[in-house]
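Have a look at query-v3.cif; it's mmCIF, C-alpha atoms:
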data_input
#
loop_
_atom_site.group_PDB
_atom_site.id
_atom_site.type_symbol
_atom_site.label_atom_id
_atom_site.label_comp_id
_atom_site.auth_asym_id
_atom_site.auth_seq_id
_atom_site.Cartn_x
_atom_site.Cartn_y
_atom_site.Cartn_z
ATOM 1 C CA MET I 21 -32.629 -7.643 16.066
ATOM 2 C CA ILE I 22 -29.428 -8.847 17.677
ATOM 3 C CA ASP I 23 -27.720 -12.094 16.733
ATOM 4 C CA GLY I 24 -29.285 -15.052 18.558
ATOM 5 C CA LEU I 25 -26.144 -16.378 20.216
ATOM 6 C CA LYS I 26 -25.231 -12.946 21.538
ATOM 7 C CA ALA I 27 -28.778 -12.477 22.826
ATOM 8 C CA ALA I 28 -28.701 -15.871 24.551
ATOM 9 C CA SER I 29 -25.496 -14.977 26.329
ATOM 10 C CA ARG I 30 -26.945 -11.620 27.466
ATOM 11 C CA ILE I 31 -30.116 -13.289 28.762
ATOM 12 C CA ALA I 32 -28.072 -15.881 30.639
ATOM 13 C CA GLY I 33 -26.021 -13.009 32.088
ATOM 14 C CA SER I 34 -29.172 -11.404 33.477
ATOM 15 C CA GLY I 35 -30.105 -14.820 34.897
ATOM 16 C CA LEU I 36 -26.773 -14.990 36.695
ATOM 17 C CA ALA I 37 -27.385 -11.566 38.219
ATOM 18 C CA ALA I 38 -30.884 -12.608 39.342
ATOM 19 C CA GLN I 39 -29.664 -15.826 40.961
ATOM 20 C CA SER I 40 -26.904 -13.989 42.787
ATOM 21 C CA VAL I 41 -29.545 -11.695 44.312
ATOM 22 C CA ARG I 42 -31.359 -14.818 45.445
ATOM 23 C CA LEU I 43 -28.178 -16.162 47.045
ATOM 24 C CA ARG I 44 -27.748 -12.836 48.808
ATOM 25 C CA VAL I 45 -31.263 -12.987 50.271
ATOM 26 C CA VAL I 46 -30.743 -16.583 51.445
ATOM 27 C CA SER I 47 -27.494 -15.643 53.134
ATOM 28 C CA GLU I 48 -29.208 -12.674 54.819
ATOM 29 C CA ASN I 49 -31.920 -14.976 56.147
ATOM 30 C CA LEU I 50 -29.421 -17.565 57.369
ATOM 31 C CA ALA I 51 -27.193 -14.993 59.042
ATOM 32 C CA ASN I 52 -30.175 -13.490 60.870
ATOM 33 C CA ALA I 53 -31.740 -16.800 61.877
ATOM 34 C CA ASN I 54 -31.312 -15.859 65.553
ATOM 35 C CA SER I 55 -31.661 -12.067 65.441
ATOM 36 C CA THR I 56 -34.188 -11.060 68.066
ATOM 37 C CA GLY I 57 -35.525 -7.680 69.104
ATOM 38 C CA GLN I 58 -33.845 -5.600 71.824
ATOM 39 C CA THR I 59 -36.830 -4.507 73.930
ATOM 40 C CA PRO I 60 -39.465 -6.699 75.652
ATOM 41 C CA GLY I 61 -41.990 -8.063 73.141
ATOM 42 C CA ALA I 62 -40.131 -6.515 70.169
ATOM 43 C CA GLU I 63 -40.392 -8.065 66.699
ATOM 44 C CA PRO I 64 -37.409 -10.189 65.611
ATOM 45 C CA TYR I 65 -35.878 -10.351 62.123
ATOM 46 C CA GLN I 66 -38.531 -11.138 59.515
ATOM 47 C CA ARG I 67 -37.555 -13.583 56.775
ATOM 48 C CA LYS I 68 -37.017 -11.892 53.401
ATOM 49 C CA THR I 69 -38.277 -13.198 50.092
ATOM 50 C CA VAL I 70 -37.381 -12.135 46.569
ATOM 51 C CA THR I 71 -39.456 -12.249 43.385
ATOM 52 C CA PHE I 72 -38.390 -11.907 39.763
ATOM 53 C CA LYS I 73 -40.058 -10.630 36.628
ATOM 54 C CA GLY I 74 -39.379 -10.644 32.908
ATOM 55 C CA GLU I 75 -38.187 -7.356 31.492
ATOM 56 C CA MET I 76 -38.301 -6.506 27.792
ATOM 57 C CA ASN I 77 -35.033 -4.999 26.609
ATOM 58 C CA ARG I 78 -35.964 -2.789 23.641
ATOM 59 C CA ALA I 79 -32.399 -2.347 22.398
ATOM 60 C CA LEU I 80 -31.844 -6.092 22.145
ATOM 61 C CA GLY I 81 -35.454 -7.110 21.437
ATOM 62 C CA VAL I 82 -35.273 -9.907 24.018
ATOM 63 C CA GLU I 83 -36.764 -10.540 27.425
ATOM 64 C CA LEU I 84 -34.259 -10.441 30.290
ATOM 65 C CA VAL I 85 -34.956 -11.345 33.914
ATOM 66 C CA LYS I 86 -34.899 -8.716 36.617
ATOM 67 C CA MET I 87 -35.445 -8.617 40.362
ATOM 68 C CA ASP I 88 -39.048 -7.565 41.018
ATOM 69 C CA ARG I 89 -38.988 -6.711 44.705
ATOM 70 C CA LEU I 90 -37.794 -7.810 48.117
ATOM 71 C CA GLY I 91 -40.744 -8.908 50.216
ATOM 72 C CA LYS I 92 -41.197 -10.071 53.808
ATOM 73 C CA ASP I 93 -42.433 -13.454 54.900
ATOM 74 C CA LYS I 94 -45.667 -12.899 56.873
ATOM 75 C CA SER I 95 -45.668 -16.299 58.601
ATOM 76 C CA PRO I 96 -45.787 -16.289 62.449
ATOM 77 C CA PHE I 97 -42.604 -16.064 64.517
ATOM 78 C CA ARG I 98 -41.291 -18.927 66.610
ATOM 79 C CA LEU I 99 -41.840 -18.539 70.358
ATOM 80 C CA GLU I 100 -39.380 -19.731 72.942
ATOM 81 C CA PHE I 101 -39.605 -19.597 76.704
ATOM 82 C CA GLU I 102 -36.575 -17.700 77.961
ATOM 83 C CA PRO I 103 -37.462 -15.257 80.768
ATOM 84 C CA GLY I 104 -33.913 -13.878 81.112
ATOM 85 C CA HIS I 105 -33.740 -12.656 77.515
ATOM 86 C CA PRO I 106 -33.926 -8.851 76.954
ATOM 87 C CA ALA I 107 -36.659 -9.355 74.325
ATOM 88 C CA ALA I 108 -38.830 -11.598 76.531
ATOM 89 C CA ASP I 109 -42.428 -10.400 77.106
ATOM 90 C CA GLU I 110 -44.306 -10.439 80.480
ATOM 91 C CA SER I 111 -44.982 -14.184 80.283
ATOM 92 C CA GLY I 112 -41.289 -14.918 79.484
ATOM 93 C CA PHE I 113 -41.606 -15.773 75.793
ATOM 94 C CA VAL I 114 -39.122 -14.503 73.192
ATOM 95 C CA LYS I 115 -40.109 -14.101 69.546
ATOM 96 C CA LEU I 116 -37.546 -15.705 67.239
ATOM 97 C CA PRO I 117 -37.287 -15.116 63.457
ATOM 98 C CA ASN I 118 -39.529 -17.130 61.117
ATOM 99 C CA VAL I 119 -36.438 -18.420 59.287
ATOM 100 C CA ARG I 120 -36.348 -22.184 58.826
ATOM 101 C CA MET I 121 -32.964 -23.682 57.991
ATOM 102 C CA MET I 122 -34.438 -26.459 55.864
ATOM 103 C CA ILE I 123 -36.278 -24.037 53.553
ATOM 104 C CA GLU I 124 -33.273 -21.735 53.290
ATOM 105 C CA MET I 125 -30.948 -24.603 52.410
ATOM 106 C CA ALA I 126 -33.390 -25.871 49.763
ATOM 107 C CA ASP I 127 -33.628 -22.360 48.323
ATOM 108 C CA LEU I 128 -29.839 -22.035 48.350
ATOM 109 C CA ARG I 129 -29.494 -25.290 46.474
ATOM 110 C CA GLU I 130 -32.057 -24.257 43.881
ATOM 111 C CA ALA I 131 -30.368 -20.883 43.328
ATOM 112 C CA ASN I 132 -27.071 -22.719 42.953
ATOM 113 C CA ARG I 133 -28.488 -25.061 40.308
ATOM 114 C CA SER I 134 -30.095 -22.192 38.378
ATOM 115 C CA TYR I 135 -26.804 -20.296 38.439
ATOM 116 C CA GLU I 136 -25.011 -23.333 37.060
ATOM 117 C CA ALA I 137 -27.641 -23.728 34.330
ATOM 118 C CA ASN I 138 -27.154 -20.122 33.221
ATOM 119 C CA LEU I 139 -23.387 -20.589 33.256
ATOM 120 C CA ALA I 140 -23.821 -23.633 31.011
ATOM 121 C CA VAL I 141 -25.807 -21.517 28.526
ATOM 122 C CA ILE I 142 -23.030 -18.920 28.422
ATOM 123 C CA ARG I 143 -20.377 -21.595 27.965
ATOM 124 C CA GLN I 144 -22.391 -23.211 25.188
ATOM 125 C CA THR I 145 -22.989 -19.968 23.253
ATOM 126 C CA ARG I 146 -19.289 -19.166 23.499
ATOM 127 C CA GLU I 147 -18.376 -22.563 22.169
ATOM 128 C CA LEU I 148 -20.862 -22.283 19.304
ATOM 129 C CA THR I 149 -19.589 -18.826 18.321
ATOM 130 C CA ARG I 150 -16.036 -20.139 18.336
ATOM 131 C CA MET I 151 -16.964 -23.141 16.220
ATOM 132 C CA THR I 152 -18.774 -20.934 13.702
ATOM 133 C CA LEU I 153 -15.758 -18.632 13.434
ATOM 134 C CA ASP I 154 -13.555 -21.673 12.919
ATOM 135 C CA LEU I 155 -15.345 -22.178 9.602
ATOM 136 C CA LEU I 156 -13.362 -19.174 8.332
ATOM 137 C CA ARG I 157 -10.056 -20.791 9.216
ATOM 138 C CA SER I 158 -9.651 -23.976 7.306
ATOM 139 C CA MET A 4 -5.699 -8.897 36.293
ATOM 140 C CA ALA A 5 -3.138 -6.190 35.550
ATOM 141 C CA ASP A 6 -1.415 -8.199 32.805
ATOM 142 C CA GLN A 7 -4.852 -8.906 31.299
ATOM 143 C CA ILE A 8 -5.384 -5.166 31.030
ATOM 144 C CA ALA A 9 -1.959 -4.786 29.451
ATOM 145 C CA ALA A 10 -2.808 -7.545 27.002
ATOM 146 C CA LEU A 11 -6.101 -5.845 26.184
ATOM 147 C CA SER A 12 -4.499 -2.479 25.528
ATOM 148 C CA SER A 13 -1.857 -4.043 23.289
ATOM 149 C CA LEU A 14 -4.686 -5.780 21.417
ATOM 150 C CA ILE A 15 -6.426 -2.433 20.991
ATOM 151 C CA ASP A 16 -3.223 -0.981 19.546
ATOM 152 C CA GLU A 17 -2.995 -3.881 17.153
ATOM 153 C CA VAL A 18 -6.555 -3.448 15.960
ATOM 154 C CA LYS A 19 -5.926 0.280 15.548
ATOM 155 C CA ARG A 20 -2.875 -0.404 13.407
ATOM 156 C CA VAL A 21 -4.856 -2.811 11.253
ATOM 157 C CA GLN A 22 -7.622 -0.267 10.942
ATOM 158 C CA GLU A 23 -5.221 2.538 9.978
ATOM 159 C CA ALA A 24 -3.552 0.325 7.420
ATOM 160 C CA ARG A 25 -6.975 -0.410 5.975
ATOM 161 C CA THR A 26 -8.105 3.211 5.795
ATOM 162 C CA ALA A 27 -4.722 4.326 4.406
ATOM 163 C CA ALA A 28 -4.995 1.990 1.437
ATOM 164 C CA PRO A 29 -8.682 1.760 0.542
ATOM 165 C CA VAL A 30 -9.899 -0.202 -2.409
ATOM 166 C CA ALA A 31 -10.730 2.218 -5.244
ATOM 167 C CA PRO A 32 -14.532 2.398 -5.292
ATOM 168 C CA THR A 33 -16.256 1.935 -8.600
ATOM 169 C CA ALA A 34 -18.557 4.679 -9.833
ATOM 170 C CA GLU A 35 -21.747 2.627 -9.649
ATOM 171 C CA SER A 36 -21.181 1.242 -6.119
ATOM 172 C CA GLN A 37 -23.576 2.951 -3.688
ATOM 173 C CA SER A 38 -23.348 0.427 -0.845
ATOM 174 C CA PRO A 39 -20.339 0.684 1.532
ATOM 175 C CA SER A 40 -17.165 -0.803 0.113
ATOM 176 C CA PHE A 41 -15.449 -3.824 1.593
ATOM 177 C CA ALA A 42 -12.795 -1.588 3.161
ATOM 178 C CA GLN A 43 -15.449 0.553 4.829
ATOM 179 C CA VAL A 44 -17.181 -2.512 6.234
ATOM 180 C CA LEU A 45 -13.856 -3.767 7.594
ATOM 181 C CA ALA A 46 -13.161 -0.365 9.146
ATOM 182 C CA GLN A 47 -16.596 -0.440 10.810
ATOM 183 C CA VAL A 48 -15.995 -3.949 12.176
ATOM 184 C CA SER A 49 -12.632 -2.863 13.592
ATOM 185 C CA LEU A 50 -14.218 0.211 15.169
ATOM 186 C CA ASP A 51 -16.867 -1.949 16.850
ATOM 187 C CA THR A 52 -14.147 -4.260 18.110
ATOM 188 C CA VAL A 53 -12.170 -1.362 19.541
ATOM 189 C CA GLY A 54 -15.354 -0.166 21.268
ATOM 190 C CA ALA A 55 -15.957 -3.600 22.819
ATOM 191 C CA LEU A 56 -12.332 -3.808 23.972
ATOM 192 C CA ARG A 57 -12.572 -0.344 25.553
ATOM 193 C CA THR A 58 -15.709 -1.371 27.452
ATOM 194 C CA ALA A 59 -13.954 -4.525 28.646
ATOM 195 C CA GLU A 60 -10.939 -2.558 29.790
ATOM 196 C CA VAL A 61 -13.070 -0.022 31.668
ATOM 197 C CA SER A 62 -15.024 -2.830 33.380
ATOM 198 C CA ALA A 63 -11.823 -4.648 34.317
ATOM 199 C CA ILE A 64 -10.453 -1.503 35.962
ATOM 200 C CA GLU A 65 -13.786 -0.870 37.704
ATOM 201 C CA GLY A 66 -13.640 -4.460 38.938
ATOM 202 C CA LEU A 67 -10.148 -3.916 40.314
ATOM 203 C CA HIS A 68 -11.448 -0.907 42.231
ATOM 204 C CA GLY A 69 -14.294 -3.040 43.544
ATOM 205 C CA ARG A 70 -17.011 -1.003 41.827
ATOM 206 C CA ALA A 71 -18.069 -3.629 39.276
ATOM 207 C CA SER A 72 -19.089 -7.193 40.070
ATOM 208 C CA THR A 73 -17.112 -10.179 38.799
ATOM 209 C CA LEU A 74 -20.100 -11.001 36.634
ATOM 210 C CA GLN A 75 -19.997 -7.621 34.838
ATOM 211 C CA VAL A 76 -16.251 -7.867 34.273
ATOM 212 C CA VAL A 77 -16.491 -11.401 32.897
ATOM 213 C CA GLU A 78 -19.410 -10.470 30.645
ATOM 214 C CA ALA A 79 -17.605 -7.443 29.189
ATOM 215 C CA ILE A 80 -14.369 -9.358 28.616
ATOM 216 C CA ASN A 81 -16.320 -12.214 27.040
ATOM 217 C CA GLN A 82 -17.998 -9.836 24.599
ATOM 218 C CA ALA A 83 -14.670 -8.205 23.774
ATOM 219 C CA GLU A 84 -13.102 -11.601 23.192
ATOM 220 C CA GLN A 85 -15.856 -12.576 20.777
ATOM 221 C CA ALA A 86 -15.630 -9.273 18.904
ATOM 222 C CA LEU A 87 -11.861 -9.559 18.671
ATOM 223 C CA SER A 88 -11.877 -13.148 17.451
ATOM 224 C CA THR A 89 -14.463 -12.197 14.798
ATOM 225 C CA ALA A 90 -12.295 -9.278 13.648
ATOM 226 C CA VAL A 91 -9.166 -11.430 13.581
ATOM 227 C CA ALA A 92 -10.895 -14.199 11.604
ATOM 228 C CA VAL A 93 -12.216 -11.712 9.030
ATOM 229 C CA ARG A 94 -8.792 -10.049 8.774
ATOM 230 C CA ASP A 95 -7.062 -13.386 8.247
ATOM 231 C CA LYS A 96 -9.523 -14.242 5.517
ATOM 232 C CA ALA A 97 -9.007 -10.872 3.789
ATOM 233 C CA VAL A 98 -5.208 -11.166 3.972
ATOM 234 C CA GLN A 99 -5.472 -14.694 2.624
ATOM 235 C CA ALA A 100 -7.497 -13.421 -0.356
ATOM 236 C CA TYR A 101 -4.850 -10.768 -1.133
ATOM 237 C CA GLN A 102 -2.140 -13.423 -0.967
ATOM 238 C CA GLU A 103 -4.074 -15.661 -3.325
ATOM 239 C CA ILE A 104 -4.228 -12.827 -5.831
ATOM 240 C CA SER A 105 -0.511 -12.002 -5.447
ATOM 241 C CA ARG A 106 0.406 -15.627 -6.066
ATOM 242 C CA MET A 107 -1.539 -15.698 -9.335
ATOM 243 C CA ALA A 108 0.601 -16.890 -12.281
ATOM 244 C CA ILE A 109 1.094 -14.166 -14.887
#
Would you put the structure from the file into structure tokens?
Amino acid sequence: MIDGLKAASRIAGSGLAAQSVRLRVVSENLANANSTGQTPGAEPYQRKTVTFKGEMNRALGVELVKMDRLGKDKSPFRLEFEPGHPAADESGFVKLPNVRMMIEMADLREANRSYEANLAVIRQTRELTRMTLDLLRS
Amino acid sequence: MADQIAALSSLIDEVKRVQEARTAAPVAPTAESQSPSFAQVLAQVSLDTVGALRTAEVSAIEGLHGRASTLQVVEAINQAEQALSTAVAVRDKAVQAYQEISRMAI
């Protein structure tokens, strides 16, 4: 069994990695908010989602967090009437990605806060280790 | 970044010197002691520290080449820092004990 402070800092490190994956997915969704298909009636960019799961680390005896899988949002695409667009179907409608700015921004904010929380844990464990070691110097 | 690596490698050299000094002059073990002696424990701690510093150095170089993320580099350097400060604190305490003994009135 590893020392608790060290374990806490490792777990928080895995949390940082997980939240950065989340940020990556949000940025992918935002960047592709207007990516349409190339041929008439083609599917546009489908919003990506990410899920996480706990993962037991046998060497440390603690549960870290890990990315589970990248999924796709199955909600319907937005339709816009634009007959001149290369991806427009016979009736002139273009399918636009099911990315909604509001949701992406909320997700971004949440990932940001979680990242900061994990950083605070790392900072705190570092401080506590330092203070404990300071007992030796007196 | 580069001067951090230089600092790390000089730290490694320092720890190595301390470790060699320790192994060169070990405390004479008593016949009945089966558990590792104080000197052996210190040598083990220094070895672990050197290992952590090596890992940190490798990650820092990987980071410079763009193969490791900032997060990995920071984590490795953080661990090395903690290991080093532990080793230094224990060394200071041991040296202090020797000095106490040498100052004893005869």
Would you tabulate, counting all atoms listed in the file, all residues of chain A that have an atom at most 9 Å from an atom of chain I, showing the closest pair of atoms and their distance in Å to one decimal, sorted by chain then ascending number, as CSV?
residue,atom,partner,partner_atom,distance
A:Leu74,CA,I:Ala37,CA,7.5
A:Gln75,CA,I:Gly33,CA,8.5
A:Glu78,CA,I:Gly33,CA,7.2
A:Asn81,CA,I:Arg146,CA,8.3
A:Gln82,CA,I:Lys26,CA,8.4
A:Gln85,CA,I:Thr149,CA,7.7
A:Ser88,CA,I:Leu153,CA,7.8
A:Thr89,CA,I:Leu153,CA,6.7
A:Ala92,CA,I:Leu156,CA,6.4
A:Val93,CA,I:Leu156,CA,7.6
A:Asp95,CA,I:Arg157,CA,8.0
A:Lys96,CA,I:Leu156,CA,6.9
Open item on the list: If we count only C-alpha atoms and set the cut-off at 12 Å, which residues sit around region 85-100 of chain I, ignoring sequence neighbours fewer than 6 positions away in its own chain? Please answer as JSON, numbers by chain.
Closed with: {"I": [30, 31, 32, 33, 34, 35, 36, 37, 38, 39, 40, 41, 42, 44, 45, 46, 48, 49, 53, 54, 55, 56, 57, 61, 62, 63, 64, 65, 66, 67, 68, 69, 70, 71, 72, 73, 74, 75, 76, 77, 107, 108, 109, 111, 112, 113, 114, 115, 116, 117, 118, 119, 120, 138]}
Written file, previous selection with C-alpha atoms, as a CSV table (one decimal), in the coordinates of the input:
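Contents of the output file out02.csv:
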chain,number,residue,atom,x,y,z
I,30,ARG,CA,-26.9,-11.6,27.5
I,31,ILE,CA,-30.1,-13.3,28.8
I,32,ALA,CA,-28.1,-15.9,30.6
I,33,GLY,CA,-26.0,-13.0,32.1
I,34,SER,CA,-29.2,-11.4,33.5
I,35,GLY,CA,-30.1,-14.8,34.9
I,36,LEU,CA,-26.8,-15.0,36.7
I,37,ALA,CA,-27.4,-11.6,38.2
I,38,ALA,CA,-30.9,-12.6,39.3
I,39,GLN,CA,-29.7,-15.8,41.0
I,40,SER,CA,-26.9,-14.0,42.8
I,41,VAL,CA,-29.5,-11.7,44.3
I,42,ARG,CA,-31.4,-14.8,45.4
I,44,ARG,CA,-27.7,-12.8,48.8
I,45,VAL,CA,-31.3,-13.0,50.3
I,46,VAL,CA,-30.7,-16.6,51.4
I,48,GLU,CA,-29.2,-12.7,54.8
I,49,ASN,CA,-31.9,-15.0,56.1
I,53,ALA,CA,-31.7,-16.8,61.9
I,54,ASN,CA,-31.3,-15.9,65.6
I,55,SER,CA,-31.7,-12.1,65.4
I,56,THR,CA,-34.2,-11.1,68.1
I,57,GLY,CA,-35.5,-7.7,69.1
I,61,GLY,CA,-42.0,-8.1,73.1
I,62,ALA,CA,-40.1,-6.5,70.2
I,63,GLU,CA,-40.4,-8.1,66.7
I,64,PRO,CA,-37.4,-10.2,65.6
I,65,TYR,CA,-35.9,-10.4,62.1
I,66,GLN,CA,-38.5,-11.1,59.5
I,67,ARG,CA,-37.6,-13.6,56.8
I,68,LYS,CA,-37.0,-11.9,53.4
I,69,THR,CA,-38.3,-13.2,50.1
I,70,VAL,CA,-37.4,-12.1,46.6
I,71,THR,CA,-39.5,-12.2,43.4
I,72,PHE,CA,-38.4,-11.9,39.8
I,73,LYS,CA,-40.1,-10.6,36.6
I,74,GLY,CA,-39.4,-10.6,32.9
I,75,GLU,CA,-38.2,-7.4,31.5
I,76,MET,CA,-38.3,-6.5,27.8
I,77,ASN,CA,-35.0,-5.0,26.6
I,107,ALA,CA,-36.7,-9.4,74.3
I,108,ALA,CA,-38.8,-11.6,76.5
I,109,ASP,CA,-42.4,-10.4,77.1
I,111,SER,CA,-45.0,-14.2,80.3
I,112,GLY,CA,-41.3,-14.9,79.5
I,113,PHE,CA,-41.6,-15.8,75.8
I,114,VAL,CA,-39.1,-14.5,73.2
I,115,LYS,CA,-40.1,-14.1,69.5
I,116,LEU,CA,-37.5,-15.7,67.2
I,117,PRO,CA,-37.3,-15.1,63.5
I,118,ASN,CA,-39.5,-17.1,61.1
I,119,VAL,CA,-36.4,-18.4,59.3
I,120,ARG,CA,-36.3,-22.2,58.8
I,138,ASN,CA,-27.2,-20.1,33.2
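On the file presented, the PyMOL selection byres ((chain A and resi 57) around 10) picks out Leu11, Ser12, Ile15, Asp51, Thr52, Val53, Gly54, Ala55, Leu56, Thr58, Ala59, Glu60, Val61, Ser62, Ala63, Ala79, Ile80 and Ala83 of chain A.
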Selection from above, C-alpha atoms, as a PDB file, in the frame of the given file, can you write it?
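Generated output (selection-v6.pdb):
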ATOM      1  CA  LEU A  11      -6.101  -5.845  26.184  1.00  0.00           C
ATOM      2  CA  SER A  12      -4.499  -2.479  25.528  1.00  0.00           C
ATOM      3  CA  ILE A  15      -6.426  -2.433  20.991  1.00  0.00           C
ATOM      4  CA  ASP A  51     -16.867  -1.949  16.850  1.00  0.00           C
ATOM      5  CA  THR A  52     -14.147  -4.260  18.110  1.00  0.00           C
ATOM      6  CA  VAL A  53     -12.170  -1.362  19.541  1.00  0.00           C
ATOM      7  CA  GLY A  54     -15.354  -0.166  21.268  1.00  0.00           C
ATOM      8  CA  ALA A  55     -15.957  -3.600  22.819  1.00  0.00           C
ATOM      9  CA  LEU A  56     -12.332  -3.808  23.972  1.00  0.00           C
ATOM     10  CA  THR A  58     -15.709  -1.371  27.452  1.00  0.00           C
ATOM     11  CA  ALA A  59     -13.954  -4.525  28.646  1.00  0.00           C
ATOM     12  CA  GLU A  60     -10.939  -2.558  29.790  1.00  0.00           C
ATOM     13  CA  VAL A  61     -13.070  -0.022  31.668  1.00  0.00           C
ATOM     14  CA  SER A  62     -15.024  -2.830  33.380  1.00  0.00           C
ATOM     15  CA  ALA A  63     -11.823  -4.648  34.317  1.00  0.00           C
ATOM     16  CA  ALA A  79     -17.605  -7.443  29.189  1.00  0.00           C
ATOM     17  CA  ILE A  80     -14.369  -9.358  28.616  1.00  0.00           C
ATOM     18  CA  ALA A  83     -14.670  -8.205  23.774  1.00  0.00           C
TER      19      ALA A  83
END
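Separating CA of Thr145 (chain I) from CA of Leu87 (chain A) is a distance of 15.9 Å.
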Task: Pick from I:Leu43, I:Ala51, I:Ala28, I:Ile22, whichever lies nearest to Gln144 (chain I) using all atoms listed in the file - done: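 Of I:Leu43, I:Ala51, I:Ala28, I:Ile22, the one nearest Gln144 (chain I), counting all atoms listed in the file, is I:Ala28.
One finds CA of Leu148 (chain I) at 21.2 Å from CA of Ser134 (chain I).
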Task: Coordinates-based distance that separates CA of Tyr135 (chain I) from CA of Met122 (chain I) (Å, one decimal) - done: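 These two atoms are separated by 20.0 Å.
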